[in-house]
file start.cif (mmCIF, C-alpha atoms)
data_protein
#
loop_
_atom_site.label_atom_id
_atom_site.label_comp_id
_atom_site.auth_asym_id
_atom_site.auth_seq_id
_atom_site.Cartn_x
_atom_site.Cartn_y
_atom_site.Cartn_z
CA MET A 210 -1.06 -9.06 6.96
CA SER A 211 -1.83 -7.82 10.45
CA THR A 212 -1.90 -10.32 13.33
CA ASP A 213 -3.26 -7.73 15.77
CA GLU A 214 -6.24 -9.29 17.56
CA ARG A 215 -7.55 -6.08 19.11
CA PRO A 216 -11.01 -4.87 18.08
CA PHE A 217 -11.15 -2.96 14.79
CA LEU A 218 -12.01 0.36 16.44
CA GLU A 219 -9.14 0.06 18.90
CA GLN A 220 -6.64 -0.71 16.13
CA ILE A 221 -7.73 2.25 14.02
CA GLU A 222 -7.82 4.59 17.01
CA SER A 223 -4.34 3.57 18.14
CA PHE A 224 -2.83 3.93 14.67
CA PHE A 225 -4.53 7.24 13.91
CA LEU A 226 -3.75 8.91 17.23
CA GLU A 227 -0.13 7.82 16.97
CA THR A 228 -0.09 9.25 13.46
CA VAL A 229 -1.57 12.71 14.03
CA GLN A 230 -0.44 13.13 17.65
CA GLN A 231 -3.64 14.97 18.51
CA GLY A 232 -6.04 14.02 21.28
CA LEU A 233 -6.39 10.98 23.50
CA ALA A 234 -9.32 9.36 21.71
CA LEU A 235 -11.16 9.50 18.40
CA ARG A 236 -13.79 12.19 18.03
CA PRO A 237 -17.40 10.95 17.96
CA SER A 238 -17.60 11.68 14.22
CA ASP A 239 -14.41 9.66 13.65
CA VAL A 240 -15.81 6.79 15.69
CA GLU A 241 -18.83 6.73 13.38
CA ILE A 242 -16.59 6.67 10.30
CA THR A 243 -14.59 3.81 11.82
CA LYS A 244 -17.74 1.86 12.67
CA ASP A 245 -18.95 2.34 9.11
CA TRP A 246 -15.66 0.95 7.76
CA GLU A 247 -15.89 -2.04 10.08
CA LYS A 248 -19.51 -2.68 9.09
CA ARG A 249 -18.56 -2.62 5.40
CA GLY A 250 -15.58 -4.91 5.90
CA VAL A 251 -12.76 -2.45 5.24
CA PRO A 252 -9.53 -4.19 6.37
CA VAL A 253 -7.26 -2.45 8.87
CA GLU A 254 -4.40 -2.63 6.35
CA VAL A 255 -6.50 -0.72 3.82
CA VAL A 256 -7.25 2.02 6.35
CA ARG A 257 -3.57 2.35 7.23
CA LYS A 258 -2.59 2.57 3.58
CA GLY A 259 -5.29 5.14 2.86
CA ILE A 260 -4.20 7.32 5.78
CA ALA A 261 -0.60 7.16 4.53
CA ASP A 262 -1.74 8.25 1.07
CA GLY A 263 -3.65 11.12 2.67
CA ILE A 264 -0.58 12.24 4.61
CA GLN A 265 1.46 12.11 1.43
CA ARG A 266 -1.04 14.27 -0.44
CA PHE A 267 -1.27 16.75 2.44
CA LEU A 268 2.50 17.17 2.81
CA ALA A 269 2.86 17.86 -0.91
CA THR A 270 1.11 21.22 -0.54
CA ALA A 271 1.15 22.07 3.17
CA ALA A 272 3.09 24.92 4.72
CA PRO A 273 5.98 23.76 6.95
CA SER A 274 4.19 24.81 10.13
CA GLN A 275 0.81 23.38 9.16
CA PRO A 276 -0.17 20.39 11.34
CA LEU A 277 -1.61 17.20 9.93
CA PRO A 278 -5.40 17.09 9.67
CA GLY A 279 -6.56 15.63 12.96
CA VAL A 280 -9.87 14.15 11.80
CA LEU A 281 -10.49 10.92 9.91
CA LYS A 282 -12.93 12.73 7.65
CA TYR A 283 -9.97 14.24 5.78
CA TYR A 284 -8.50 10.79 5.07
CA ARG A 285 -11.79 9.10 4.26
CA THR A 286 -11.56 9.66 0.50
CA PHE A 287 -8.11 8.07 0.38
CA VAL A 288 -9.27 5.08 2.40
CA GLU A 289 -12.30 4.64 0.14
CA THR A 290 -10.05 4.71 -2.94
CA GLU A 291 -7.86 1.99 -1.46
CA PHE A 292 -10.95 0.00 -0.48
CA GLU A 293 -12.27 0.08 -4.05
CA THR A 294 -8.98 -1.39 -5.28
CA TRP A 295 -9.10 -4.01 -2.52
CA LYS A 296 -12.68 -4.99 -3.39
CA ARG A 297 -11.74 -5.38 -7.03
CA ALA A 298 -8.82 -7.57 -6.04
CA LYS A 299 -11.09 -9.65 -3.82
CA MET A 300 -13.50 -10.17 -6.69
CA MET A 301 -10.57 -11.47 -8.73
CA GLY A 302 -9.51 -13.85 -6.00
CA LEU A 303 -6.80 -11.71 -4.40
CA GLY A 304 -8.69 -10.97 -1.20
CA ILE A 305 -7.81 -12.04 2.32
CA ALA A 306 -7.17 -15.76 2.32
CA SER A 307 -9.68 -16.52 5.10
CA GLU A 308 -12.56 -14.90 3.20
CA PRO A 309 -14.51 -16.46 0.32
CA VAL A 310 -14.08 -14.92 -3.11
CA ILE A 311 -16.76 -14.51 -5.74
CA LYS A 312 -14.59 -15.34 -8.73
CA PRO A 313 -11.70 -17.56 -7.64
CA VAL A 314 -8.76 -17.42 -10.03
CA ASP A 315 -5.10 -18.33 -9.78
CA MET A 316 -3.61 -14.93 -9.01
CA ILE A 317 -0.18 -16.44 -8.41
CA GLN A 318 -0.21 -17.69 -12.00
CA ALA A 319 -1.49 -14.31 -13.18
CA ALA A 320 1.43 -12.63 -11.39
CA ILE A 321 3.87 -15.09 -12.98
CA ASN A 322 2.36 -14.36 -16.40
CA VAL A 323 2.72 -10.61 -15.86
CA LEU A 324 6.30 -10.90 -14.66
CA SER A 325 7.20 -13.22 -17.54
CA LYS A 326 5.84 -10.67 -19.99
CA TRP A 327 7.79 -7.87 -18.31
CA ASN A 328 10.89 -10.04 -18.33
CA ASP A 329 10.56 -10.64 -22.07
CA GLN A 330 10.17 -6.91 -22.70
CA ALA A 331 13.00 -5.78 -20.41
CA GLN A 332 16.34 -4.93 -21.98
CA ASN A 333 18.34 -4.17 -18.84
CA PRO A 334 19.95 -7.39 -17.49
CA LYS A 335 19.50 -6.21 -13.89
CA THR A 336 15.82 -5.60 -14.50
CA LYS A 337 15.39 -9.02 -16.10
CA ALA A 338 17.11 -10.57 -13.08
CA LEU A 339 14.66 -8.82 -10.75
CA PHE A 340 11.65 -10.17 -12.61
CA SER A 341 13.17 -13.66 -12.69
CA LYS A 342 13.80 -13.53 -8.95
CA ALA A 343 10.21 -12.43 -8.33
CA ILE A 344 8.92 -15.33 -10.45
CA THR A 345 11.02 -17.76 -8.42
CA LYS A 346 9.58 -16.37 -5.18
CA LEU A 347 6.07 -16.89 -6.51
CA GLU A 348 6.80 -20.41 -7.69
CA ASN A 349 8.21 -21.30 -4.26
CA ARG A 350 5.51 -19.60 -2.19
CA PRO A 351 5.17 -21.22 1.26
CA GLN A 352 1.75 -22.75 1.82
CA SER A 353 1.42 -20.67 4.97
CA GLN A 354 1.71 -17.41 3.03
CA SER A 355 -1.34 -16.05 1.24
CA ALA A 356 -1.21 -14.89 -2.36
CA VAL A 357 -2.17 -11.34 -1.42
CA GLU A 358 0.58 -11.14 1.18
CA LEU A 359 3.31 -12.39 -1.15
CA ILE A 360 2.24 -10.32 -4.16
CA GLY A 361 1.96 -7.24 -1.95
CA GLU A 362 5.47 -7.79 -0.60
CA LEU A 363 6.83 -8.32 -4.11
CA ASP A 364 5.07 -5.17 -5.28
CA ASP A 365 6.86 -3.02 -2.70
CA TRP A 366 10.17 -4.81 -3.29
CA LEU A 367 9.99 -4.41 -7.06
CA ALA A 368 9.10 -0.72 -6.82
CA LEU A 369 12.20 -0.06 -4.70
CA GLU A 370 14.56 -2.24 -6.74
CA LEU A 371 13.36 -0.84 -10.07
CA LEU A 372 13.88 2.68 -8.78
CA ASP A 373 17.44 1.82 -7.76
CA ASN A 374 18.06 0.28 -11.18
CA HIS A 375 16.84 3.49 -12.76
CA GLY A 376 20.03 5.15 -11.58
CA ASN A 377 18.53 8.49 -10.52
CA TYR A 378 18.68 8.66 -6.73
CA GLU A 379 17.25 12.16 -6.33
CA TRP A 380 13.93 10.58 -5.42
CA ARG A 381 15.49 9.39 -2.16
CA ASP A 382 16.19 12.98 -1.13
CA SER A 383 12.61 13.87 -1.95
CA MET A 384 11.34 10.95 0.11
CA LYS A 385 13.57 11.88 3.04
CA SER A 386 12.17 15.41 2.96
CA VAL A 387 8.62 14.08 3.11
CA LEU A 388 9.43 11.69 5.95
CA LYS A 389 11.24 14.45 7.84
CA ALA A 390 8.24 16.74 7.43
CA ALA A 391 6.03 13.96 8.78
CA GLN A 392 8.37 13.33 11.72
CA MET A 393 8.39 17.03 12.59
CA ARG A 394 4.62 16.79 12.87
CA GLY A 395 4.94 13.88 15.28
CA VAL A 396 3.86 11.10 12.93
CA GLY A 397 4.36 7.74 14.65
CA PHE A 398 6.68 4.92 13.63
CA GLU A 399 4.05 2.64 12.08
CA ALA A 400 2.59 5.48 10.02
CA LEU A 401 6.07 6.48 8.87
CA LYS A 402 6.62 2.96 7.55
CA GLU A 403 3.36 3.16 5.60
CA LEU A 404 4.30 6.61 4.33
CA GLU A 405 7.70 5.38 3.17
CA LYS A 406 6.04 2.61 1.15
CA ALA A 407 3.61 5.13 -0.33
CA GLN A 408 6.51 7.38 -1.32
CA ILE A 409 8.33 4.53 -3.03
CA ARG A 410 5.18 3.61 -4.98
CA LEU A 411 4.66 7.24 -5.96
CA HIS A 412 8.21 7.76 -7.23
CA ALA A 413 8.20 4.41 -9.04
CA GLN A 414 5.09 5.50 -10.90
CA GLN A 415 6.38 8.99 -11.64
CA LEU A 416 9.92 8.08 -12.69
CA ILE A 417 9.59 4.71 -14.41
CA GLY A 418 5.87 4.24 -14.93
CA TYR A 419 5.61 1.31 -12.53
CA THR A 420 1.97 1.13 -11.46
CA GLY A 421 2.30 -2.07 -9.46
CA LEU A 422 2.16 -5.83 -9.77
CA VAL A 423 -1.27 -6.05 -8.14
CA ASN A 424 -2.80 -3.64 -10.64
CA ALA A 425 -1.11 -5.46 -13.51
CA CYS A 426 -2.56 -8.77 -12.27
CA LEU A 427 -6.04 -7.28 -12.13
CA ASP A 428 -5.66 -5.84 -15.62
CA TRP A 429 -4.38 -9.21 -16.83
CA GLU A 430 -7.51 -10.90 -15.51
CA ASP A 431 -9.67 -8.26 -17.21
CA ASP A 432 -8.09 -8.96 -20.60
#

call {"tool": "encode", "arguments": {"input": "start.cif", "output": "structure tokens"}}
result
Amino acid sequence: MSTDERPFLEQIESFFLETVQQGLALRPSDVEITKDWEKRGVPVEVVRKGIADGIQRFLATAAPSQPLPGVLKYYRTFVETEFETWKRAKMMGLGIASEPVIKPVDMIQAAINVLSKWNDQAQNPKTKALFSKAITKLENRPQSQSAVELIGELDDWLALELLDNHGNYEWRDSMKSVLKAAQMRGVGFEALKELEKAQIRLHAQQLIGYTGLVNACLDWEDD
């Protein structure tokens, strides 16, 4: 979770301009989009993740010399998609710890239940060990760490570890190509980190069908 205390607009402007490497300030239309996000309570982390997803989608079809879209309007759909997932999580009690939730539930226990089910179904000893380790991390969660932060970290960690257990490492070459294409377009360091996470999630879904611990927790609560 971000500890940046700068105003919302300043955080988004800084991240976006570093990402697209175009201009010295947000365009007036982008400022209005950002103000709308702030008014509706879209977290900075959600915006960053949505922009990374937008970059990923763009690079999948763009010509090598084609620059990144330099307006937030292009990325708005991706941010809104991430925000819908975040709102659903918040309704289930997985929102930001400092904010009230409408339907408080024990999402840590839901995550443990999901991982226990996956562990029972897994046949690969290494995979079972991963799920067991994740359960232990949840059971020993520090009081200072929010549920959403820990489950989000475990989600990214599991996606990477499960991919490595899969044994096919060609996805790493694909990811490197995407990151290189982003670097050639001047994408900044923070955005590259978000893009790398997005790539890992994408390949985990495509290669092994891993759609994420957060989504599984939400589906568990829906059942």

call {"tool": "resolve_selection", "arguments": {"input": "start.cif", "expression": "the PyMOL selection byres ((chain A and resi 410-420) around 10)", "output": "ChimeraX atom specification"}}
result
/A:262,265,364-373,375,377,380-381,383-384,404-409,421-425

call {"tool": "write_last_selection", "arguments": {"input": "start.cif", "atoms": "C-alpha atoms", "output": "PDB file, in the frame of the given file"}}
result
ATOM      1  CA  ASP A 262      -1.740   8.250   1.070  1.00  0.00           C
ATOM      2  CA  GLN A 265       1.460  12.110   1.430  1.00  0.00           C
ATOM      3  CA  ASP A 364       5.070  -5.170  -5.280  1.00  0.00           C
ATOM      4  CA  ASP A 365       6.860  -3.020  -2.700  1.00  0.00           C
ATOM      5  CA  TRP A 366      10.170  -4.810  -3.290  1.00  0.00           C
ATOM      6  CA  LEU A 367       9.990  -4.410  -7.060  1.00  0.00           C
ATOM      7  CA  ALA A 368       9.100  -0.720  -6.820  1.00  0.00           C
ATOM      8  CA  LEU A 369      12.200  -0.060  -4.700  1.00  0.00           C
ATOM      9  CA  GLU A 370      14.560  -2.240  -6.740  1.00  0.00           C
ATOM     10  CA  LEU A 371      13.360  -0.840 -10.070  1.00  0.00           C
ATOM     11  CA  LEU A 372      13.880   2.680  -8.780  1.00  0.00           C
ATOM     12  CA  ASP A 373      17.440   1.820  -7.760  1.00  0.00           C
ATOM     13  CA  HIS A 375      16.840   3.490 -12.760  1.00  0.00           C
ATOM     14  CA  ASN A 377      18.530   8.490 -10.520  1.00  0.00           C
ATOM     15  CA  TRP A 380      13.930  10.580  -5.420  1.00  0.00           C
ATOM     16  CA  ARG A 381      15.490   9.390  -2.160  1.00  0.00           C
ATOM     17  CA  SER A 383      12.610  13.870  -1.950  1.00  0.00           C
ATOM     18  CA  MET A 384      11.340  10.950   0.110  1.00  0.00           C
ATOM     19  CA  LEU A 404       4.300   6.610   4.330  1.00  0.00           C
ATOM     20  CA  GLU A 405       7.700   5.380   3.170  1.00  0.00           C
ATOM     21  CA  LYS A 406       6.040   2.610   1.150  1.00  0.00           C
ATOM     22  CA  ALA A 407       3.610   5.130  -0.330  1.00  0.00           C
ATOM     23  CA  GLN A 408       6.510   7.380  -1.320  1.00  0.00           C
ATOM     24  CA  ILE A 409       8.330   4.530  -3.030  1.00  0.00           C
ATOM     25  CA  GLY A 421       2.300  -2.070  -9.460  1.00  0.00           C
ATOM     26  CA  LEU A 422       2.160  -5.830  -9.770  1.00  0.00           C
ATOM     27  CA  VAL A 423      -1.270  -6.050  -8.140  1.00  0.00           C
ATOM     28  CA  ASN A 424      -2.800  -3.640 -10.640  1.00  0.00           C
ATOM     29  CA  ALA A 425      -1.110  -5.460 -13.510  1.00  0.00           C
TER      30      ALA A 425
END

call {"tool": "atom_distance", "arguments": {"input": "start.cif", "atom1": "atom CA of Gln352 of chain A", "atom2": "atom CA of Ile321 of chain A"}}
result
16.8 Å

call {"tool": "residues_around", "arguments": {"input": "start.cif", "residues": "segment 214-219 of chain A", "least_positions_apart": "2", "cutoff": "9 Å", "atoms": "only C-alpha atoms", "output": "MDAnalysis selection string"}}
result
chainID A and resid 211:212 221:224 240 243:244 247 252:253

call {"tool": "closest_residue", "arguments": {"input": "start.cif", "among": "A:Trp246, A:Glu291, A:Gly279, A:Thr228", "to": "Gln392 of chain A", "atoms": "only C-alpha atoms"}}
result
A:Thr228

call {"tool": "atom_distance", "arguments": {"input": "start.cif", "atom1": "atom CA of Trp295 of chain A", "atom2": "atom CA of Ala261 of chain A"}}
result
15.7 Å

call {"tool": "residues_around", "arguments": {"input": "start.cif", "residues": "segment 338-347 of chain A", "least_positions_apart": "5", "cutoff": "10 Å", "atoms": "all atoms listed in the file", "output": "list in words"}}
result
Ile317, Gln318, Ala320, Ile321, Asn322, Val323, Leu324, Ser325, Lys326, Trp327, Asn328, Asp329, Ala331, Asn333, Ala356, Leu359, Ile360, Leu363, Asp364, Trp366, Leu367, Glu370, Leu371 and Asn374 of chain A

call {"tool": "resolve_selection", "arguments": {"input": "start.cif", "expression": "the PyMOL selection byres ((chain A and resi 269-278) around 9)", "output": "ChimeraX atom specification"}}
result
/A:228-230,264-268,279-284,387,390-391,394,396

call {"tool": "atom_distance", "arguments": {"input": "start.cif", "atom1": "atom CA of Phe287 of chain A", "atom2": "atom CA of Ile260 of chain A"}}
result
6.7 Å

call {"tool": "closest_residue", "arguments": {"input": "start.cif", "among": "A:Glu379, A:Asp315, A:Glu403, A:Glu358", "to": "Leu427 of chain A", "atoms": "only C-alpha atoms"}}
result
A:Asp315

call {"tool": "closest_residue", "arguments": {"input": "start.cif", "among": "A:Ala400, A:Cys426, A:Ala319, A:Ile242", "to": "Phe225 of chain A", "atoms": "all atoms listed in the file"}}
result
A:Ala400
